[in-house]
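Just below is one structure, and these are the notes that go with it.
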Amino acid sequence: MLVYLSKKIAIPNDAKLRCIGWHMGKGWIACGGENGLLKVLKLEAQEGKDVKAKGLAAPSNLSMNQSLEGHNGDIHVVAWNEEHSKLTSSDQNGLIIVWFLYKGMWYEEMINNRNKSIVRSIQWNKEGQKICIAYDDGAVIVGSVDGSRLWGKDIKGIQLTHVEWSPDGKVLIFGNSKGEIHIYDSHGTYNSKMTIQCLTNATGAVKIVGVTWYKGKLGYIEPNCPCLAIAYDIGRAQIMRHELDTNPVKIDSGMLVTCIAWNNTGSLLAMGGSQKASGADKDVSVVQFYTPHGEHLHTLRVPGKPLSSLSWEGGGLRIALAISSFIYFANIRHDYLWGYFSNTVVYAFQKPDHVEHFVIFWNLVSNEKFPKMVKNLVLIASCKDFCVLITRVGDGFGQYSLLLCNALGTPIDCKYIELEPCFVSMSHTHVIVTSQTGIFVWHYRTMSRLAAPELMSHLMSRKSTEGQERLIHVDDHPTGNSEIPVDFKKAHVQTGDPICCVCNSEKAMVVGRASGTVQYYSLPKLALEQVFSLKCRPHKIALNSNSTMLSVIDINGVLNLFNVEKKNKDGSVGCIELLDRKDVWDLKWAEDNPDLFAMMEKTRMYIFRKLDPEEPVVVSGHICYFNDMEVKSVLLDEIMKDPENPSEELIAHMEIKSLRDTRSLLQTVGITDAHQFIEDNPHPRLWRLLAEFSLEHLDLEMAEKAFVRCSDYQGIQFVKRLKVLDSSAKQSAEVAAYFKRFEDAERIYLEMDRRDLAVDLRVKLGDWFKVVQLLKTGGGAGDDTILIQAWNAIGDYYADRQKWQHAVTYYTQGKNQERLAECYYILEDYDGLEKLASSLPENHPLLHSLAKMFVTVGMCEQAVHCYVKVGKMKDAINCCVELNQWDQAVDLAKKHNIKEIDSLLAKYATYLLEKDKILSAVELYHKANHFIEAAKLLIKVARAASEQSLNPMKIKKIYVLSALLVDKFRSVLKDAHEAEKQADHSKEDMLLSTESSILDNPWRGAEAYHFFLMAQRYLYTGKIESALTTTLVLREYEGVLPLVDIYSLLALCSCAAGTYSLCSKALIKLESSKELGEEQRLLYDQLSLQIFTRHPPKDKVSGHIICPSCGAEISDWSFACTTCNMKFPICVATGQPQLSSQLWICLVCKHRANTVDMKSFKNCPLCHTPKP
């Protein structure tokens, strides 16, 4: 960072200034002084169209200079309300005036005069809604922006000197004449007294000269950053993170402090005052600049005294100083995190409330920006084709990463170090990172610099760091004869002369130390070659292109050159060549000439050839490139105002005097004289300029000579091609195309009536839109072929930009079916994809790709159609299997006599069963028409559910589904036999024999749970007789229902119905069941004892029914006649014996019910099929 004075404004009548305030938003400067002097000024930058005259380089004039009248005494305080653009001022009489702007003039809005004491401090809160006024006698008044008083307080026995709001407006801190800081809440309630640690060991009376709290409007440079600064007149200060911080940053400036102020981002604290000049007894006014962590960055000496007040500009690029009867303005040149490489500017910035740095890679050729978020960014360096981003790993301070990136921000390589990076330098081959004591050298290697055999060995040895990285201590004297192991502990050894800067080139590295010692190392062997001594502390150093000259900018901005190779009279090597240029803050050596360099002195750029400067150019940019007699600078100050949207206007281009003179000679004198001038001052860029000018005038002989002198082989070949052309018009067109004036070249071809040459030109350029336009306006042989090529190229243009609908239009015209299919697929236009597949002939190679596209989106029928058209039946079947279209797969297998389908089906089903996906296997078999296998699996599921005593209704549904599948199998088999007119039932017999119990009566399981649920329903609704009758039916289903469930229900129903004989038999059955354990049997024994001690095991007299066959009387719960042995069918609607001849039969399950009982049912009670 460098600070230098740039402007001075004198106050009329030599009135002494006491205070100054700069409105950060609008730029108004309020200054108050003796005898009621109060002025509002505004510096307006007169920026023109010239990019060089922007920012700090733009001339500034006073656009406002108004004296405000209303005070009679000396002005002590001025304070801006940033949010409402109001000015508050107070004088020695205690008069307070609030000013507002109306039509370009400032007027009084409110006046307040307490007439008891003078005002010592006035502060507005962050939102501008509240104002706090501190009086000398201890009175405090807090008011609102509209002038109303919110509260007041008298602090007895204390003289107040300062007041400040916290950023959130919840805390007020007051400084008093004793040097104490008291903490209050926003309502005036006392909280505590602040601990002042910076006054430790201080003697005598101290006075607070500044209390300032950065409000965080533009965010913080890091989380938990110190932002509350308290300074004392003896030069001591402390910076706290909050008002209760027990570990503040302590500063001892060594000067008498009068004022302090934060900049707009809270990254710099300016402390103004005076100190003894070195070698003199008198005091000089100085401003010292510190980081929030107390690091001293710069000291600015200012003429005159005393320095009574200072204030920052809103952009943080200037600071105003009130000294005696003058206002001095100083420019601040910040050390941004940035770099330039491969036509790309990389820079970092932070947004409010964001911890990460935003890094922008801005390509100056294409104007593309590639943003990247980087956490804990520390430094940036760049060179040639790459840049390195140095970041802190994690939240601690131990490990750092070096991230090598290309121009797109893509990481190429990474290195981790345990060294705190303070300075970094980069060349085409090396990255140098130094702490204050250690030097880390990374010889990075990228893929672009490795040959094919070397590339493999590099990839195989990435874990080895030998020869790629080295680490030395700054006090070491390496000879380069042996490998130096990387030991980061060695770099942490303290030294009395720390490193303060570093630079390197392809073959050398230079390290500057605080004492002025400069150490020169050779690369890549890293040997200490020479040690020089300077009479200053270097701040920035740089080597020229051949590493023979070293530029040194010291901490005061003084530039000198150091000849590394020149011998002195005493025989020593190294000689200082004095330039004595002051206020220098940037320098760049030419990459192609060791005698040329460009430097920035204040807002002027000078280009030097050795020690001779050219005429300066007014600009305020950072020099990023100096090569080929051209200097390029980046206006980073302007970019940082809107860092996410940099403009090409913020890149300044300058040419050196030789280039400008040559250009002038060519325009005014001619080629011959210019040629002689270039002969006397040779440079490849000048020869190239001559060659280009000669081409423009078709002087091919001179152009060829010039191209030879600048070693431009392509230019030589171009001239040779021009010589064989048969007309000057063609030559002019080719020259125009060479200089990228393609419109002119096309116009010349069309004037020659050579539309074909114009088309060829546009084809070479890839300007297919223009090709189409030219072809449509004319015709000729081969135009259709070129036109189709153009349509496809335009389609590619839109496809590359993901404008697929536009691409479809042009691919259709270009008949590019392959690319058209890709666009349809991406657009999810499956109708278009299907039409394309239908339009293709059989065995077309694109059909296979289309089939794969259809498979990925589940369109089985279309995929099969494509596979069939190319004759790939197995792929078609595999497609059906993948999409679970097993019926279609079976049909295809049968139609094309492919026998692998059954084995594939079995394999897939086995896989599902292994994964315990039984229902998925059922669905698979069902879709493949393997109904018997599906039914078996369902019965297996039902039995498992029965064993787990799950919901009986669910089990019944499973049995119903299995029975329906068996019936469907029989129906399909019957239809197949009838179609073939065969009576051979061998296949059916084989299947029936495999699982006769299932196929003989598939509805048995459904019947069992149907009657079991019905009996439960009767029992719970109080229909005991019906429940008993239905329960007796369950005895026929002992193989399906659990025996315990059947007979426990029978015992319950019979006991409730009074048929104790049946109850006794049911209990005996339970007691003898092997399904019960000993404890359960014992419980049933006890239950039997309790029942039959009260009731004998006899049935009560029940009702009788007449057997429809023999007319005998039988019990109403009997299911067979004891006389004729006729069995009665069971009604599925009631669960009772069916004696009536009026029957209803279900068309699906074939079960019967009484017609009368079915009147209340809409569906079959068993299979739930709707009644017809």
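Chain labels A, B, ... are given in the sequence in which chains occur in the structure tokens; within each chain residues are numbered consecutively from 1, and ligands are likewise numbered from 1 in the order shown.
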
Next on the checklist: Which residues are near region 402-410 of chain A? Cut-off 7 Å, only C-alpha atoms, ignore same chain within fewer than 6 positions. Put them as a VMD selection string.
Outcome noted: chain A and resid 342 344 361 370 385 to 391 416

How close does each residue of region 581-638 of chain A get to region 528-542 of chain A, giving the shortest atom pair and distance in Å to one decimal for every residue with an atom at most 10 Å away, counting only C-alpha atoms, sorted by chain and residue number, as a Markdown table?
| residue | atom | partner | partner_atom | distance |
| --- | --- | --- | --- | --- |
| A:Trp585 | CA | A:Lys540 | CA | 8.5 |
| A:Asp586 | CA | A:Lys540 | CA | 8.2 |
| A:Leu587 | CA | A:Ala542 | CA | 7.9 |
| A:Lys588 | CA | A:Ala542 | CA | 7.6 |
| A:Trp589 | CA | A:Ala542 | CA | 7.6 |

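Note that the spacing between CA of Lys915 (chain A) and CA of Leu937 (chain A) amounts to 14.2 Å.
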
Next on the checklist: Report as a VMD selection string all protein, DNA and RNA residues lying within 10 Å of Asn343 (chain A), evaluated on only C-alpha atoms, omitting residues in the same chain fewer than 2 positions from it.
Outcome noted: chain A and resid 340 to 341 345 to 346 362 to 366 384 to 385 407 624 to 625

Item to check | Point-to-point distance in Å for CA of Ile1130 (chain A) and CA of Thr1031 (chain A) | outcome: 11.9 Å

Identify, with DSSP run on backbone atoms, the residues in region 496-719 of chain A assigned to alpha helix (DSSP H), and express the list as a short mmCIF file (atom, residue, chain, number, x, y, z; two decimals) with N, CA, C and O atoms, in the first residue's frame.
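What follows is the written file result.cif:
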data_model
loop_
_atom_site.label_atom_id
_atom_site.label_comp_id
_atom_site.auth_asym_id
_atom_site.auth_seq_id
_atom_site.Cartn_x
_atom_site.Cartn_y
_atom_site.Cartn_z
N LEU A 636 -8.22 -1.09 -11.50
CA LEU A 636 -8.83 -1.91 -10.46
C LEU A 636 -9.71 -1.11 -9.51
O LEU A 636 -10.70 -1.62 -8.99
N ASP A 637 -9.34 0.14 -9.27
CA ASP A 637 -10.17 0.97 -8.40
C ASP A 637 -11.58 1.09 -8.95
O ASP A 637 -12.57 1.05 -8.21
N GLU A 638 -11.68 1.25 -10.25
CA GLU A 638 -13.00 1.37 -10.89
C GLU A 638 -13.69 0.02 -10.95
O GLU A 638 -14.92 -0.06 -10.80
N ILE A 639 -12.93 -1.04 -11.20
CA ILE A 639 -13.53 -2.37 -11.27
C ILE A 639 -14.16 -2.74 -9.93
O ILE A 639 -15.26 -3.32 -9.88
N LYS A 657 7.02 5.40 -27.14
CA LYS A 657 7.29 6.49 -28.09
C LYS A 657 7.81 5.96 -29.43
O LYS A 657 7.42 6.46 -30.49
N SER A 658 8.67 4.95 -29.43
CA SER A 658 9.21 4.42 -30.69
C SER A 658 8.10 3.91 -31.59
O SER A 658 8.11 4.13 -32.81
N LEU A 659 7.14 3.25 -31.01
CA LEU A 659 6.03 2.72 -31.80
C LEU A 659 5.16 3.85 -32.34
O LEU A 659 4.75 3.84 -33.51
N ARG A 660 4.93 4.84 -31.50
CA ARG A 660 4.12 5.97 -31.97
C ARG A 660 4.85 6.74 -33.07
O ARG A 660 4.24 7.15 -34.07
N ASP A 661 6.17 6.92 -32.92
CA ASP A 661 6.94 7.65 -33.94
C ASP A 661 6.95 6.90 -35.26
O ASP A 661 6.83 7.49 -36.33
N THR A 662 7.13 5.60 -35.20
CA THR A 662 7.14 4.80 -36.43
C THR A 662 5.80 4.87 -37.14
O THR A 662 5.73 5.01 -38.37
N ARG A 663 4.74 4.79 -36.36
CA ARG A 663 3.42 4.88 -36.96
C ARG A 663 3.22 6.24 -37.63
O ARG A 663 2.67 6.36 -38.72
N SER A 664 3.72 7.29 -36.96
CA SER A 664 3.62 8.64 -37.53
C SER A 664 4.44 8.76 -38.81
O SER A 664 3.99 9.36 -39.80
N LEU A 665 5.64 8.19 -38.83
CA LEU A 665 6.48 8.25 -40.03
C LEU A 665 5.83 7.54 -41.20
O LEU A 665 5.85 8.03 -42.34
N LEU A 666 5.23 6.41 -40.94
CA LEU A 666 4.58 5.67 -42.02
C LEU A 666 3.41 6.46 -42.60
O LEU A 666 3.15 6.43 -43.81
N GLN A 667 2.71 7.17 -41.76
CA GLN A 667 1.55 7.92 -42.24
C GLN A 667 1.94 9.21 -42.95
O GLN A 667 1.28 9.62 -43.90
N THR A 668 3.02 9.83 -42.49
CA THR A 668 3.35 11.16 -43.02
C THR A 668 4.49 11.16 -44.04
O THR A 668 4.45 11.89 -45.03
N ILE A 671 7.15 4.75 -46.64
CA ILE A 671 7.71 3.46 -46.26
C ILE A 671 9.23 3.51 -46.22
O ILE A 671 9.88 2.96 -45.32
N THR A 672 9.87 4.19 -47.19
CA THR A 672 11.33 4.18 -47.28
C THR A 672 11.97 4.81 -46.06
O THR A 672 12.88 4.23 -45.43
N ASP A 673 11.53 6.02 -45.68
CA ASP A 673 12.10 6.69 -44.51
C ASP A 673 11.80 5.93 -43.22
O ASP A 673 12.63 5.86 -42.32
N ALA A 674 10.60 5.38 -43.15
CA ALA A 674 10.25 4.59 -41.97
C ALA A 674 11.13 3.36 -41.87
O ALA A 674 11.55 2.96 -40.76
N HIS A 675 11.45 2.78 -43.01
CA HIS A 675 12.32 1.61 -43.02
C HIS A 675 13.70 1.96 -42.46
O HIS A 675 14.29 1.20 -41.68
N GLN A 676 14.20 3.13 -42.84
CA GLN A 676 15.51 3.54 -42.33
C GLN A 676 15.46 3.78 -40.82
O GLN A 676 16.38 3.42 -40.10
N PHE A 677 14.36 4.37 -40.35
CA PHE A 677 14.21 4.62 -38.90
C PHE A 677 14.18 3.29 -38.13
O PHE A 677 14.79 3.16 -37.06
N ILE A 678 13.49 2.32 -38.69
CA ILE A 678 13.41 1.02 -38.00
C ILE A 678 14.76 0.32 -38.04
O ILE A 678 15.14 -0.38 -37.09
N GLU A 679 15.50 0.51 -39.13
CA GLU A 679 16.85 -0.06 -39.18
C GLU A 679 17.72 0.50 -38.05
O GLU A 679 18.52 -0.22 -37.45
N ASP A 680 17.54 1.78 -37.76
CA ASP A 680 18.32 2.40 -36.69
C ASP A 680 17.82 2.02 -35.30
O ASP A 680 18.59 2.05 -34.33
N PRO A 684 11.15 -6.20 -33.17
CA PRO A 684 10.19 -7.03 -33.92
C PRO A 684 8.84 -6.37 -34.13
O PRO A 684 8.22 -6.53 -35.18
N ARG A 685 8.39 -5.61 -33.12
CA ARG A 685 7.08 -4.97 -33.27
C ARG A 685 7.14 -3.90 -34.36
O ARG A 685 6.18 -3.74 -35.16
N LEU A 686 8.24 -3.16 -34.47
CA LEU A 686 8.36 -2.13 -35.51
C LEU A 686 8.44 -2.77 -36.89
O LEU A 686 7.84 -2.27 -37.86
N TRP A 687 9.18 -3.87 -37.01
CA TRP A 687 9.23 -4.57 -38.30
C TRP A 687 7.86 -5.11 -38.68
O TRP A 687 7.45 -5.07 -39.85
N ARG A 688 7.14 -5.59 -37.69
CA ARG A 688 5.80 -6.10 -37.99
C ARG A 688 4.87 -4.97 -38.42
O ARG A 688 4.03 -5.13 -39.32
N LEU A 689 5.02 -3.80 -37.78
CA LEU A 689 4.23 -2.64 -38.17
C LEU A 689 4.54 -2.24 -39.62
O LEU A 689 3.63 -1.93 -40.40
N LEU A 690 5.82 -2.27 -39.97
CA LEU A 690 6.21 -1.95 -41.34
C LEU A 690 5.64 -2.97 -42.32
O LEU A 690 5.16 -2.60 -43.42
N ALA A 691 5.70 -4.24 -41.94
CA ALA A 691 5.16 -5.28 -42.82
C ALA A 691 3.67 -5.10 -43.04
O ALA A 691 3.18 -5.22 -44.17
N GLU A 692 2.95 -4.80 -42.00
CA GLU A 692 1.51 -4.62 -42.12
C GLU A 692 1.17 -3.41 -42.97
O GLU A 692 0.25 -3.44 -43.81
N PHE A 693 1.93 -2.32 -42.77
CA PHE A 693 1.68 -1.12 -43.58
C PHE A 693 2.00 -1.40 -45.05
O PHE A 693 1.28 -0.94 -45.95
N SER A 694 3.08 -2.14 -45.31
CA SER A 694 3.44 -2.48 -46.68
C SER A 694 2.38 -3.36 -47.33
O SER A 694 2.07 -3.21 -48.53
N LEU A 695 1.82 -4.28 -46.56
CA LEU A 695 0.74 -5.11 -47.10
C LEU A 695 -0.46 -4.26 -47.49
O LEU A 695 -1.09 -4.49 -48.54
N GLU A 696 -0.79 -3.29 -46.65
CA GLU A 696 -1.93 -2.43 -46.95
C GLU A 696 -1.73 -1.72 -48.30
O GLU A 696 -2.69 -1.49 -49.05
N LEU A 700 4.74 -5.72 -51.72
CA LEU A 700 4.99 -7.08 -51.25
C LEU A 700 6.46 -7.33 -50.98
O LEU A 700 6.82 -8.11 -50.08
N GLU A 701 7.35 -6.70 -51.72
CA GLU A 701 8.77 -6.90 -51.50
C GLU A 701 9.19 -6.39 -50.12
O GLU A 701 9.88 -7.07 -49.37
N MET A 702 8.74 -5.17 -49.79
CA MET A 702 9.07 -4.61 -48.47
C MET A 702 8.40 -5.41 -47.35
O MET A 702 8.98 -5.63 -46.29
N ALA A 703 7.17 -5.85 -47.62
CA ALA A 703 6.47 -6.64 -46.60
C ALA A 703 7.21 -7.93 -46.32
O ALA A 703 7.35 -8.34 -45.15
N GLU A 704 7.71 -8.58 -47.38
CA GLU A 704 8.43 -9.83 -47.18
C GLU A 704 9.72 -9.60 -46.38
O GLU A 704 10.05 -10.36 -45.47
N LYS A 705 10.45 -8.52 -46.70
CA LYS A 705 11.67 -8.20 -45.95
C LYS A 705 11.35 -7.97 -44.47
O LYS A 705 12.08 -8.43 -43.59
N ALA A 706 10.28 -7.23 -44.23
CA ALA A 706 9.93 -6.92 -42.83
C ALA A 706 9.52 -8.17 -42.06
O ALA A 706 9.88 -8.35 -40.89
N PHE A 707 8.77 -9.06 -42.73
CA PHE A 707 8.38 -10.30 -42.07
C PHE A 707 9.60 -11.16 -41.76
O PHE A 707 9.65 -11.84 -40.74
N VAL A 708 10.59 -11.12 -42.66
CA VAL A 708 11.82 -11.87 -42.40
C VAL A 708 12.53 -11.31 -41.18
O VAL A 708 13.02 -12.06 -40.32
N ARG A 709 12.57 -9.97 -41.04
CA ARG A 709 13.29 -9.34 -39.93
C ARG A 709 12.61 -9.61 -38.58
O ARG A 709 13.28 -9.64 -37.56
N TYR A 713 7.15 -16.37 -39.85
CA TYR A 713 7.13 -17.34 -40.94
C TYR A 713 5.77 -17.36 -41.63
O TYR A 713 5.69 -17.45 -42.87
N GLN A 714 4.71 -17.26 -40.87
CA GLN A 714 3.38 -17.26 -41.49
C GLN A 714 3.19 -16.04 -42.38
O GLN A 714 2.58 -16.12 -43.45
N GLY A 715 3.72 -14.89 -41.93
CA GLY A 715 3.63 -13.69 -42.77
C GLY A 715 4.39 -13.86 -44.07
O GLY A 715 3.93 -13.42 -45.14
N ILE A 716 5.56 -14.50 -44.02
CA ILE A 716 6.34 -14.74 -45.24
C ILE A 716 5.56 -15.62 -46.21
O ILE A 716 5.48 -15.34 -47.41
N GLN A 717 4.96 -16.68 -45.70
CA GLN A 717 4.19 -17.56 -46.56
C GLN A 717 2.97 -16.84 -47.14
O GLN A 717 2.58 -17.07 -48.29
N PHE A 718 2.39 -15.96 -46.35
CA PHE A 718 1.23 -15.20 -46.85
C PHE A 718 1.64 -14.30 -48.01
O PHE A 718 0.92 -14.21 -49.02
N VAL A 719 2.78 -13.64 -47.89
CA VAL A 719 3.25 -12.78 -48.99
C VAL A 719 3.50 -13.61 -50.24
O VAL A 719 3.18 -13.20 -51.37
#

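If only C-alpha atoms are the atoms counted, then among A:Lys835, A:Arg1081, A:His806, A:Lys282 the closest residue to Cys823 (chain A) is A:His806.
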
Item to check | Non-local contacts of Asp875 (chain A) (10 Å; only C-alpha atoms; under 5 positions in same chain excluded) as a ChimeraX atom specification | outcome: /A:848,851-852,863-864,867-868,880-881

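The shortest atom-to-atom distance to Cys259 (chain A), with only C-alpha atoms taken into account, belongs to A:Arg18 out of A:Arg18, A:Cys132, A:Ile958, A:Ser727.
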
Next on the checklist: With only C-alpha atoms as the counted atoms, please give the residues lying no more than 10 Å from region 1062-1071 of chain A, apart from itself and same-chain residues fewer than 3 positions off, as a ChimeraX atom specification.
Outcome noted: /A:1028,1032,1043-1059,1074-1078,1080-1085,1087-1088,1091-1092,1096-1099
